[in-house]
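Source file: coords_19.json; contents: JSON, C-alpha atoms and all ligand atoms.
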```
[["chain", "number", "residue", "atom", "x", "y", "z"],
["A", 1, "MET", "CA", 27.93, -0.54, -3.62],
["A", 2, "GLU", "CA", 30.32, 2.36, -3.93],
["A", 3, "ILE", "CA", 29.05, 5.88, -3.33],
["A", 4, "LYS", "CA", 30.77, 8.28, -5.72],
["A", 5, "GLY", "CA", 30.50, 11.90, -6.81],
["A", 6, "SER", "CA", 28.10, 10.83, -9.53],
["A", 7, "THR", "CA", 25.79, 8.73, -7.33],
["A", 8, "ASN", "CA", 22.07, 9.55, -7.62],
["A", 9, "ILE", "CA", 20.37, 9.82, -4.24],
["A", 10, "VAL", "CA", 16.82, 8.66, -3.58],
["A", 11, "GLY", "CA", 15.32, 7.93, -0.21],
["A", 12, "LEU", "CA", 12.60, 8.14, 2.37],
["A", 13, "ILE", "CA", 11.28, 10.93, 4.57],
["A", 14, "GLY", "CA", 9.21, 10.10, 7.63],
["A", 15, "HIS", "CA", 9.24, 10.30, 11.41],
["A", 16, "PRO", "CA", 10.42, 7.79, 12.56],
["A", 17, "VAL", "CA", 12.27, 5.96, 9.76],
["A", 18, "GLU", "CA", 14.86, 3.88, 11.61],
["A", 19, "HIS", "CA", 13.07, 0.57, 11.07],
["A", 20, "SER", "CA", 12.18, 1.05, 7.42],
["A", 21, "PHE", "CA", 12.50, -1.95, 5.10],
["A", 22, "SER", "CA", 12.87, 0.36, 2.06],
["A", 23, "PRO", "CA", 16.64, 1.08, 2.17],
["A", 24, "PRO", "CA", 17.73, -2.60, 2.03],
["A", 25, "MET", "CA", 15.07, -3.38, -0.60],
["A", 26, "HIS", "CA", 15.99, -0.54, -2.98],
["A", 27, "ASN", "CA", 19.74, -0.76, -2.47],
["A", 28, "ALA", "CA", 19.64, -4.48, -3.29],
["A", 29, "ALA", "CA", 17.86, -3.59, -6.55],
["A", 30, "PHE", "CA", 20.39, -0.88, -7.45],
["A", 31, "GLU", "CA", 23.27, -3.22, -6.73],
["A", 32, "LYS", "CA", 21.78, -6.03, -8.79],
["A", 33, "LEU", "CA", 21.28, -3.77, -11.82],
["A", 34, "ASN", "CA", 24.65, -2.07, -11.29],
["A", 35, "MET", "CA", 22.97, 1.32, -11.10],
["A", 36, "ASP", "CA", 24.74, 4.37, -9.69],
["A", 37, "TYR", "CA", 22.04, 5.06, -7.10],
["A", 38, "ALA", "CA", 21.79, 4.93, -3.30],
["A", 39, "TYR", "CA", 18.66, 4.93, -1.09],
["A", 40, "VAL", "CA", 18.86, 6.73, 2.27],
["A", 41, "ALA", "CA", 16.31, 7.25, 5.09],
["A", 42, "PHE", "CA", 15.86, 10.81, 6.45],
["A", 43, "ASN", "CA", 14.13, 11.44, 9.76],
["A", 44, "VAL", "CA", 12.13, 14.64, 9.14],
["A", 45, "LYS", "CA", 10.09, 16.18, 11.94],
["A", 46, "PRO", "CA", 6.61, 17.46, 11.01],
["A", 47, "ASN", "CA", 7.59, 21.14, 11.27],
["A", 48, "ASP", "CA", 10.56, 20.63, 8.96],
["A", 49, "LEU", "CA", 8.66, 19.10, 6.05],
["A", 50, "GLU", "CA", 8.61, 22.14, 3.76],
["A", 51, "SER", "CA", 12.32, 22.84, 4.22],
["A", 52, "ALA", "CA", 13.06, 19.15, 3.69],
["A", 53, "ILE", "CA", 11.29, 19.17, 0.30],
["A", 54, "ASN", "CA", 13.00, 22.41, -0.75],
["A", 55, "GLY", "CA", 16.31, 21.09, 0.53],
["A", 56, "ALA", "CA", 15.93, 17.78, -1.31],
["A", 57, "GLU", "CA", 15.27, 19.69, -4.51],
["A", 58, "ALA", "CA", 18.30, 21.92, -3.92],
["A", 59, "LEU", "CA", 20.48, 18.88, -3.22],
["A", 60, "ASN", "CA", 19.42, 17.31, -6.52],
["A", 61, "ILE", "CA", 17.85, 14.31, -4.82],
["A", 62, "LYS", "CA", 16.10, 12.29, -7.54],
["A", 63, "GLY", "CA", 13.16, 10.81, -5.67],
["A", 64, "LEU", "CA", 11.67, 10.30, -2.26],
["A", 65, "ASN", "CA", 9.26, 7.95, -0.59],
["A", 66, "VAL", "CA", 7.08, 9.65, 1.98],
["A", 67, "THR", "CA", 5.73, 7.94, 5.07],
["A", 68, "ILE", "CA", 3.95, 8.73, 8.33],
["A", 69, "PRO", "CA", 3.27, 11.51, 9.30],
["A", 70, "HIS", "CA", 3.91, 13.40, 6.04],
["A", 71, "LYS", "CA", 1.78, 11.66, 3.37],
["A", 72, "ILE", "CA", -1.03, 14.23, 3.34],
["A", 73, "GLU", "CA", 0.82, 17.44, 4.26],
["A", 74, "VAL", "CA", 3.49, 16.89, 1.59],
["A", 75, "MET", "CA", 0.91, 17.49, -1.15],
["A", 76, "ASN", "CA", 1.14, 21.23, -0.33],
["A", 77, "TYR", "CA", 4.75, 21.39, -1.52],
["A", 78, "LEU", "CA", 4.51, 19.62, -4.88],
["A", 79, "ASP", "CA", 4.01, 21.09, -8.38],
["A", 80, "GLU", "CA", 1.91, 18.22, -9.70],
["A", 81, "ILE", "CA", -0.05, 15.32, -8.24],
["A", 82, "ASP", "CA", -1.02, 12.14, -10.04],
["A", 83, "GLU", "CA", -4.77, 11.89, -10.63],
["A", 84, "VAL", "CA", -5.39, 8.87, -8.39],
["A", 85, "ALA", "CA", -3.06, 10.16, -5.65],
["A", 86, "GLN", "CA", -5.15, 13.33, -5.72],
["A", 87, "LEU", "CA", -8.35, 11.30, -5.27],
["A", 88, "ILE", "CA", -6.76, 9.32, -2.43],
["A", 89, "GLY", "CA", -5.52, 12.54, -0.86],
["A", 90, "ALA", "CA", -2.10, 11.16, 0.05],
["A", 91, "VAL", "CA", 1.30, 10.85, -1.61],
["A", 92, "ASN", "CA", 4.01, 8.28, -0.80],
["A", 93, "THR", "CA", 6.34, 8.87, -3.74],
["A", 94, "ILE", "CA", 7.87, 12.05, -5.18],
["A", 95, "ASP", "CA", 9.63, 12.27, -8.50],
["A", 96, "PHE", "CA", 11.86, 15.35, -8.47],
["A", 97, "LYS", "CA", 12.11, 15.44, -12.28],
["A", 98, "ASN", "CA", 8.83, 17.36, -12.22],
["A", 99, "LEU", "CA", 8.17, 17.60, -8.46],
["A", 100, "LYS", "CA", 5.23, 15.24, -8.95],
["A", 101, "GLY", "CA", 3.57, 13.14, -6.26],
["A", 102, "TYR", "CA", 2.20, 9.61, -6.64],
["A", 103, "ASN", "CA", 0.59, 7.06, -4.36],
["A", 104, "THR", "CA", 2.09, 3.63, -4.98],
["A", 105, "ASP", "CA", 0.59, 1.96, -1.86],
["A", 106, "GLY", "CA", -2.68, 1.13, -3.63],
["A", 107, "ILE", "CA", -0.86, 0.07, -6.82],
["A", 108, "GLY", "CA", 1.28, -2.17, -4.61],
["A", 109, "ALA", "CA", -1.80, -4.01, -3.34],
["A", 110, "VAL", "CA", -3.30, -4.28, -6.81],
["A", 111, "ARG", "CA", -0.07, -5.64, -8.35],
["A", 112, "ALA", "CA", 0.18, -8.14, -5.46],
["A", 113, "ILE", "CA", -3.35, -9.39, -6.10],
["A", 114, "GLU", "CA", -2.85, -9.43, -9.87],
["A", 115, "GLU", "CA", 0.01, -11.91, -9.42],
["A", 116, "VAL", "CA", -2.84, -14.34, -8.70],
["A", 117, "ALA", "CA", -5.84, -13.02, -10.66],
["A", 118, "SER", "CA", -7.03, -10.01, -12.63],
["A", 119, "ILE", "CA", -9.16, -7.49, -10.71],
["A", 120, "LYS", "CA", -11.18, -6.62, -13.80],
["A", 121, "ASN", "CA", -14.92, -7.40, -13.46],
["A", 122, "LYS", "CA", -14.48, -8.84, -9.95],
["A", 123, "ASN", "CA", -16.51, -8.33, -6.79],
["A", 124, "VAL", "CA", -14.18, -6.97, -4.15],
["A", 125, "LEU", "CA", -14.78, -6.68, -0.43],
["A", 126, "ILE", "CA", -12.45, -4.56, 1.65],
["A", 127, "ALA", "CA", -12.33, -4.62, 5.46],
["A", 128, "GLY", "CA", -11.34, -1.29, 7.02],
["A", 129, "ALA", "CA", -11.85, 2.32, 5.94],
["A", 130, "GLY", "CA", -8.62, 4.03, 7.04],
["A", 131, "GLY", "CA", -5.65, 5.29, 5.05],
["A", 132, "ALA", "CA", -4.61, 1.93, 3.60],
["A", 133, "SER", "CA", -8.17, 1.08, 2.59],
["A", 134, "ARG", "CA", -8.52, 4.46, 0.90],
["A", 135, "ALA", "CA", -5.34, 4.00, -1.15],
["A", 136, "ILE", "CA", -6.32, 0.47, -2.17],
["A", 137, "SER", "CA", -10.00, 1.22, -2.86],
["A", 138, "PHE", "CA", -9.33, 3.83, -5.55],
["A", 139, "TYR", "CA", -6.91, 1.50, -7.32],
["A", 140, "ILE", "CA", -9.35, -1.41, -7.13],
["A", 141, "ALA", "CA", -11.83, 0.92, -8.85],
["A", 142, "LYS", "CA", -9.25, 2.04, -11.42],
["A", 143, "TYR", "CA", -8.31, -1.55, -12.27],
["A", 144, "GLY", "CA", -11.85, -2.30, -13.36],
["A", 145, "ALA", "CA", -13.56, -4.15, -10.51],
["A", 146, "ASP", "CA", -17.32, -4.50, -11.04],
["A", 147, "ASN", "CA", -18.28, -4.07, -7.41],
["A", 148, "LEU", "CA", -16.54, -2.71, -4.36],
["A", 149, "LYS", "CA", -17.94, -3.07, -0.86],
["A", 150, "ILE", "CA", -16.27, -1.40, 2.10],
["A", 151, "LEU", "CA", -16.88, -2.84, 5.58],
["A", 152, "ASN", "CA", -15.83, -1.05, 8.73],
["A", 153, "ARG", "CA", -16.37, -1.05, 12.49],
["A", 154, "ASN", "CA", -17.29, 2.64, 12.24],
["A", 155, "VAL", "CA", -19.91, 2.47, 9.46],
["A", 156, "GLU", "CA", -19.93, 6.24, 8.84],
["A", 157, "LYS", "CA", -16.28, 6.09, 7.82],
["A", 158, "ALA", "CA", -17.08, 3.25, 5.40],
["A", 159, "GLN", "CA", -19.92, 5.32, 3.95],
["A", 160, "LYS", "CA", -17.70, 8.38, 3.50],
["A", 161, "LEU", "CA", -15.04, 6.36, 1.68],
["A", 162, "ALA", "CA", -17.65, 4.57, -0.44],
["A", 163, "ASN", "CA", -19.09, 7.96, -1.46],
["A", 164, "ASP", "CA", -15.68, 9.34, -2.35],
["A", 165, "VAL", "CA", -14.82, 6.30, -4.50],
["A", 166, "SER", "CA", -18.24, 6.39, -6.13],
["A", 167, "ASN", "CA", -17.88, 10.13, -6.91],
["A", 168, "SER", "CA", -14.55, 9.48, -8.64],
["A", 169, "GLY", "CA", -16.48, 7.89, -11.51],
["A", 170, "LEU", "CA", -13.91, 5.07, -11.70],
["A", 171, "ILE", "CA", -16.48, 2.41, -10.73],
["A", 172, "ASP", "CA", -20.28, 2.18, -10.83],
["A", 173, "ASN", "CA", -21.09, -0.03, -7.86],
["A", 174, "VAL", "CA", -19.74, 0.88, -4.45],
["A", 175, "GLY", "CA", -21.40, -0.21, -1.20],
["A", 176, "PHE", "CA", -20.63, -0.17, 2.50],
["A", 177, "ASP", "CA", -21.70, -1.98, 5.66],
["A", 178, "SER", "CA", -20.70, -2.84, 9.20],
["A", 179, "ILE", "CA", -17.73, -5.20, 9.47],
["A", 180, "ASN", "CA", -20.06, -7.46, 11.48],
["A", 181, "ASN", "CA", -22.15, -8.09, 8.36],
["A", 182, "MET", "CA", -19.56, -9.91, 6.32],
["A", 183, "ASP", "CA", -20.88, -12.29, 3.69],
["A", 184, "LEU", "CA", -18.36, -13.78, 1.29],
["A", 185, "SER", "CA", -20.71, -15.80, -0.91],
["A", 186, "ASP", "CA", -20.60, -13.38, -3.91],
["A", 187, "VAL", "CA", -17.12, -12.05, -3.23],
["A", 188, "ASP", "CA", -14.17, -12.83, -5.55],
["A", 189, "ILE", "CA", -11.46, -10.93, -3.67],
["A", 190, "LEU", "CA", -11.34, -10.18, 0.07],
["A", 191, "ILE", "CA", -8.87, -7.56, 1.29],
["A", 192, "ASN", "CA", -8.06, -6.89, 4.93],
["A", 193, "THR", "CA", -6.70, -3.42, 5.72],
["A", 194, "THR", "CA", -7.49, -3.46, 9.46],
["A", 195, "PRO", "CA", -4.72, -4.21, 11.94],
["A", 196, "VAL", "CA", -6.64, -7.26, 13.20],
["A", 197, "GLY", "CA", -4.20, -10.20, 13.31],
["A", 198, "MET", "CA", -1.11, -7.98, 13.59],
["A", 199, "HIS", "CA", 1.64, -9.01, 16.01],
["A", 200, "PRO", "CA", 1.19, -9.79, 18.93],
["A", 201, "ASN", "CA", -2.50, -10.71, 18.41],
["A", 202, "VAL", "CA", -1.60, -13.23, 15.76],
["A", 203, "ASP", "CA", -4.62, -15.48, 16.18],
["A", 204, "ASP", "CA", -7.20, -12.72, 15.63],
["A", 205, "THR", "CA", -9.01, -12.51, 12.30],
["A", 206, "PRO", "CA", -11.42, -9.93, 10.88],
["A", 207, "ILE", "CA", -13.70, -12.71, 9.58],
["A", 208, "ALA", "CA", -16.61, -13.90, 11.69],
["A", 209, "GLN", "CA", -16.43, -17.63, 12.49],
["A", 210, "ALA", "CA", -19.59, -18.47, 10.62],
["A", 211, "CYS", "CA", -18.42, -16.72, 7.46],
["A", 212, "ASP", "CA", -17.52, -19.35, 4.85],
["A", 213, "MET", "CA", -14.74, -18.97, 2.32],
["A", 214, "HIS", "CA", -15.62, -20.56, -1.02],
["A", 215, "GLU", "CA", -12.85, -22.18, -3.04],
["A", 216, "ASP", "CA", -12.64, -19.50, -5.78],
["A", 217, "LEU", "CA", -12.01, -16.71, -3.31],
["A", 218, "ILE", "CA", -8.73, -14.78, -3.20],
["A", 219, "VAL", "CA", -7.69, -13.37, 0.18],
["A", 220, "PHE", "CA", -5.19, -10.56, 0.55],
["A", 221, "ASP", "CA", -4.08, -9.41, 4.01],
["A", 222, "ALA", "CA", -2.27, -6.06, 4.13],
["A", 223, "VAL", "CA", -0.89, -7.06, 7.54],
["A", 224, "TYR", "CA", 2.70, -8.30, 7.03],
["A", 225, "ASN", "CA", 3.77, -9.04, 10.60],
["A", 226, "PRO", "CA", 3.32, -11.99, 10.99],
["A", 227, "ASN", "CA", 3.77, -13.07, 7.39],
["A", 228, "GLU", "CA", 1.04, -15.68, 7.76],
["A", 229, "THR", "CA", -1.81, -14.01, 9.65],
["A", 230, "GLY", "CA", -4.79, -15.73, 11.23],
["A", 231, "LEU", "CA", -6.84, -14.67, 8.20],
["A", 232, "LEU", "CA", -4.37, -16.18, 5.73],
["A", 233, "ARG", "CA", -4.21, -19.39, 7.79],
["A", 234, "GLN", "CA", -8.02, -19.57, 7.55],
["A", 235, "ALA", "CA", -7.72, -19.10, 3.79],
["A", 236, "ILE", "CA", -5.11, -21.82, 3.39],
["A", 237, "GLU", "CA", -7.20, -24.23, 5.48],
["A", 238, "ALA", "CA", -10.18, -23.52, 3.21],
["A", 239, "ASP", "CA", -8.03, -24.14, 0.08],
["A", 240, "VAL", "CA", -8.27, -20.47, -0.83],
["A", 241, "LYS", "CA", -5.41, -18.55, -2.48],
["A", 242, "PRO", "CA", -3.56, -16.33, 0.03],
["A", 243, "VAL", "CA", -1.83, -13.09, -1.01],
["A", 244, "TYR", "CA", 0.73, -12.02, 1.59],
["A", 245, "GLY", "CA", 1.05, -8.45, 2.94],
["A", 246, "ILE", "CA", 4.76, -8.40, 2.16],
["A", 247, "LYS", "CA", 3.84, -8.35, -1.55],
["A", 248, "MET", "CA", 2.20, -4.95, -1.13],
["A", 249, "LEU", "CA", 5.44, -3.58, 0.36],
["A", 250, "LEU", "CA", 7.36, -5.16, -2.49],
["A", 251, "TYR", "CA", 5.22, -3.77, -5.30],
["A", 252, "GLN", "CA", 4.78, -0.28, -3.86],
["A", 253, "GLY", "CA", 8.60, -0.16, -3.80],
["A", 254, "ALA", "CA", 8.86, -1.60, -7.30],
["A", 255, "GLU", "CA", 6.46, 1.02, -8.59],
["A", 256, "SER", "CA", 8.43, 3.86, -6.93],
["A", 257, "PHE", "CA", 11.67, 2.42, -8.34],
["A", 258, "GLU", "CA", 10.16, 2.42, -11.83],
["A", 259, "ILE", "CA", 8.90, 6.02, -11.47],
["A", 260, "TRP", "CA", 12.35, 7.28, -10.44],
["A", 261, "THR", "CA", 14.58, 5.29, -12.77],
["A", 262, "GLY", "CA", 12.37, 4.44, -15.75],
["A", 263, "LYS", "CA", 13.68, 0.87, -15.45],
["A", 264, "LYS", "CA", 11.75, -2.30, -14.64],
["A", 265, "ALA", "CA", 12.28, -3.20, -10.99],
["A", 266, "PRO", "CA", 14.09, -6.49, -10.27],
["A", 267, "ILE", "CA", 11.23, -8.04, -8.29],
["A", 268, "ASP", "CA", 13.01, -11.23, -7.19],
["A", 269, "VAL", "CA", 16.00, -9.39, -5.74],
["A", 270, "MET", "CA", 13.79, -6.89, -3.94],
["A", 271, "GLN", "CA", 11.64, -9.67, -2.52],
["A", 272, "GLU", "CA", 14.68, -11.54, -1.28],
["A", 273, "ALA", "CA", 16.04, -8.41, 0.46],
["A", 274, "LEU", "CA", 12.64, -7.69, 1.99],
["A", 275, "THR", "CA", 12.19, -11.23, 3.28],
["A", 276, "LYS", "CA", 15.69, -11.21, 4.73],
["A", 277, "TYR", "CA", 15.09, -7.85, 6.45],
["A", 278, "LEU", "CA", 11.67, -8.70, 7.87],
["A", 279, "GLY", "CA", 12.91, -12.10, 9.01],
["A", 301, "LIG", "P1", -4.21, 2.45, 8.08],
["A", 301, "LIG", "O1", -3.46, 3.64, 7.57],
["A", 301, "LIG", "O2", -3.34, 1.25, 8.35],
["A", 301, "LIG", "O3", -5.38, 2.12, 7.23],
["A", 301, "LIG", "P2", -5.96, 3.73, 9.96],
["A", 301, "LIG", "O4", -6.15, 4.86, 9.00],
["A", 301, "LIG", "O5", -5.77, 4.04, 11.40],
["A", 301, "LIG", "O6", -4.72, 2.84, 9.55],
["A", 301, "LIG", "O7", -7.22, 2.73, 9.80],
["A", 301, "LIG", "C1", -7.36, 1.59, 10.55],
["A", 301, "LIG", "C2", -8.62, 0.85, 10.08],
["A", 301, "LIG", "O8", -8.67, -0.39, 10.78],
["A", 301, "LIG", "C3", -9.92, 1.57, 10.39],
["A", 301, "LIG", "O9", -10.84, 1.25, 9.38],
["A", 301, "LIG", "C4", -10.33, 0.95, 11.74],
["A", 301, "LIG", "O10", -11.74, 0.93, 11.96],
["A", 301, "LIG", "P3", -12.52, 2.17, 12.65],
["A", 301, "LIG", "O11", -12.62, 3.21, 11.58],
["A", 301, "LIG", "O12", -13.83, 1.59, 13.03],
["A", 301, "LIG", "O13", -11.66, 2.59, 13.82],
["A", 301, "LIG", "C5", -9.89, -0.48, 11.53],
["A", 301, "LIG", "N1", -9.64, -1.15, 12.82],
["A", 301, "LIG", "C6", -8.69, -0.85, 13.74],
["A", 301, "LIG", "N2", -8.74, -1.72, 14.78],
["A", 301, "LIG", "C7", -9.76, -2.58, 14.49],
["A", 301, "LIG", "C8", -10.33, -3.71, 15.16],
["A", 301, "LIG", "N3", -9.83, -4.13, 16.34],
["A", 301, "LIG", "N4", -11.38, -4.33, 14.59],
["A", 301, "LIG", "C9", -11.88, -3.92, 13.40],
["A", 301, "LIG", "N5", -11.38, -2.87, 12.71],
["A", 301, "LIG", "C10", -10.34, -2.22, 13.25]]
```
Produce structure tokens that represent the structure in this file.
Amino acid sequence: MEIKGSTNIVGLIGHPVEHSFSPPMHNAAFEKLNMDYAYVAFNVKPNDLESAINGAEALNIKGLNVTIPHKIEVMNYLDEIDEVAQLIGAVNTIDFKNLKGYNTDGIGAVRAIEEVASIKNKNVLIAGAGGASRAISFYIAKYGADNLKILNRNVEKAQKLANDVSNSGLIDNVGFDSINNMDLSDVDILINTTPVGMHPNVDDTPIAQACDMHEDLIVFDAVYNPNETGLLRQAIEADVKPVYGIKMLLYQGAESFEIWTGKKAPIDVMQEALTKYLG
């Protein structure tokens, strides 16, 4: 890829950003489609966020991904915020055409799951009630699930998120419970957003031992390191379809790519670059 005077710059702001998988994934896509774009990571300290956004605009940067710790604060410096991103209360993608913010994390999870089955009319159970759960929950509601139940260690946090999703009007039935009360018998799609099973505790799983997985279940684990978590190994052993965390990274990137360029993202090339980078 040759960087020229005409090259369009997109990128990532966060703190830190050194280990981001996004530059190799997006640059592989630009190269494949022969597009005059380059994706760069910028390490922006919390106090510099406003000047970074103003500076990016002044430098004619076309789009940015936004990661920790800026996803919430950045909303103060945008002209427009997508409706669902507003409900989530966090932005991970900026389109500088109209200085508009989006949240593609939740869409990423939904597109990953929809590779396997439609979310429409399904009963969905989500473990965890933090930032990732919040982003995914609103999109599960938007994509037409019948029922959403949020389980968390801290039940008050699950209740708060369940109330927020319910108040959005995107879905009628939203419940919550303790993560210790998991029952999968009526569940179509199980989503883990807790860090349980993340490296180095690779044998841990958020599912209680006695909790059976029926054969029509779909299990998505947002944890991507390791690729095959304890939860996904349980799923495979029970002949249940696994959806890997890496797919959420892939599709949130694909969605951002499509927002910035208006072109369909080359999924296969991006997946290959991601797999190569994450090892
Ligand atoms: P993220 O942005 O990845 O969602 P987060 O906002 O810190 O991260 O949320 C982490 C979620 O994982 C929370 O729901 C947390 O539960 P609590 O609210 O009870 O803290 C959950 N979590 C973290 N460690 C966990 C563990 N060991 N067992 C069960 N849940 C855990």
request  = Would you mind telling me which residue in A:Ile72, A:Ala41, A:Leu184, A:Val269 lies nearest to ligand LIG 301 (chain A) when using all atoms listed in the file?
outcome  = A:Ile72
message = as a list in words, please: every protein or nucleic acid residue near ligand LIG 301 (chain A) (cut-off 8 Å, counting all atoms listed in the file).
response =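 Using all atoms listed in the file, everything at most 8 Å from ligand LIG 301 (chain A) comes to Ala127, Gly128, Ala129, Gly130, Gly131, Ala132, Ser133, Arg134, Asn152, Arg153, Asn154, Val155, Lys157, Ala158, Ile179, Thr193, Thr194, Pro195, Val196 and Pro206 of chain A.
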query = Separation of atom CA of A:Tyr37 and atom CA of A:Pro23, in Å?
reply =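 Taking atom CA of A:Tyr37 as the start and atom CA of A:Pro23 as the end point, the length is 11.4 Å.
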message = For a test of reading the model, state the distance in Å between atom CA of A:Tyr143 and atom CA of A:Asn92, rounded to one decimal.
response =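 These two atoms are separated by 19.5 Å.
One finds atom CA of A:Asn98 at 19.4 Å from atom CA of A:Gly253.
Closest approach to A:Ile236 from the set A:Val10, A:Val116, A:Met213, A:Val110 is made by A:Met213, with distances taken over all atoms listed in the file.
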Pick from A:Asp36, A:Asp204, A:Asp221, A:Glu2, whichever lies nearest to A:Ile189 using only C-alpha atoms = A:Asp221
Stretch 49-60 of chain A: axis-aligned bounding box, 5 Å on each side, centre and edge lengths in Å, one decimal, as lines of an AutoDock Vina configuration file:
```
center_x = 14.5
center_y = 20.1
center_z = -0.2
size_x = 21.9
size_y = 15.5
size_z = 22.6
```
message = Just checking: using only C-alpha atoms, which residue out of A:Glu57, A:Asp177, A:Glu228, A:Asp183 ends up closest to A:Ala162?
response =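 The closest residue to A:Ala162 is A:Asp177.
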message = From the options A:Asn47, A:Asn123, A:Ser185, A:Asn65, which residue's atoms come nearest to A:Ala145, counting all atoms listed in the file?
response = A:Asn123
request  = Go through A:Ala254, A:Ala58, A:Val91, A:Val40 one by one, measure the shortest atom-to-atom distance of each to A:Ser20 using only C-alpha atoms, and give the residue with the smallest value.
outcome  =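 Counting only C-alpha atoms, the residue closest to A:Ser20 is A:Val40.
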key: Long-range neighbours of A:Asn163 as a list in words, 12 Å cut-off, only C-alpha atoms, 3 positions minimum in chain   = Leu87, Ala129, Arg134, Ser137, Phe138, Leu148, Lys149, Ile150, Glu156, Lys157, Ala158, Gln159, Lys160, Ser166, Asn167, Ser168, Gly169, Leu170, Ile171, Asp172, Asn173, Val174, Gly175 and Phe176 of chain A
key: Ref. answer, residues at most 7 Å from (1.3, -3.0, 5.3) with all atoms listed in the file, as a list in words   =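 Counting all atoms listed in the file, I find these residues within 7 Å of (1.3, -3.0, 5.3): Ala222, Val223, Tyr224, Gly245, Met248 and Leu249 of chain A.
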request  = Can you pull out every residue within 7 Å of A:Trp260, counting all atoms listed in the file, but drop anything in the same chain fewer than 6 positions away, and send it as a PyMOL selection string?
outcome  = chain A and resi 62-63+95
Expected file: the selected residues, C-alpha atoms, as a compact mmCIF listing (two decimals), in the coordinates of the input:
```
# COMPACT_ATOMS: atom_id res chain seq x y z
CA LYS A 62 16.10 12.29 -7.54
CA GLY A 63 13.16 10.81 -5.67
CA ASP A 95 9.63 12.27 -8.50
```
Mind dumping stretch 56-70 of chain A from that block, keeping C-alpha atoms, as a PDB file, in the first residue's frame?
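The result, written out as decode-v4.pdb:
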```
ATOM      1  CA  ALA A  56      -8.873  15.190  13.260  1.00  0.00           C
ATOM      2  CA  GLU A  57     -11.573  17.322  11.675  1.00  0.00           C
ATOM      3  CA  ALA A  58      -9.043  20.014  10.741  1.00  0.00           C
ATOM      4  CA  LEU A  59      -6.722  17.389   9.238  1.00  0.00           C
ATOM      5  CA  ASN A  60      -9.561  16.073   7.062  1.00  0.00           C
ATOM      6  CA  ILE A  61      -9.450  12.630   8.655  1.00  0.00           C
ATOM      7  CA  LYS A  62     -12.397  10.672   7.241  1.00  0.00           C
ATOM      8  CA  GLY A  63     -13.321   8.424  10.140  1.00  0.00           C
ATOM      9  CA  LEU A  64     -12.215   7.203  13.525  1.00  0.00           C
ATOM     10  CA  ASN A  65     -12.810   4.239  15.746  1.00  0.00           C
ATOM     11  CA  VAL A  66     -12.923   5.141  19.411  1.00  0.00           C
ATOM     12  CA  THR A  67     -11.825   2.826  22.194  1.00  0.00           C
ATOM     13  CA  ILE A  68     -11.128   2.833  25.923  1.00  0.00           C
ATOM     14  CA  PRO A  69     -11.201   5.285  27.697  1.00  0.00           C
ATOM     15  CA  HIS A  70     -12.959   7.653  25.262  1.00  0.00           C
TER      16      HIS A  70
END
```
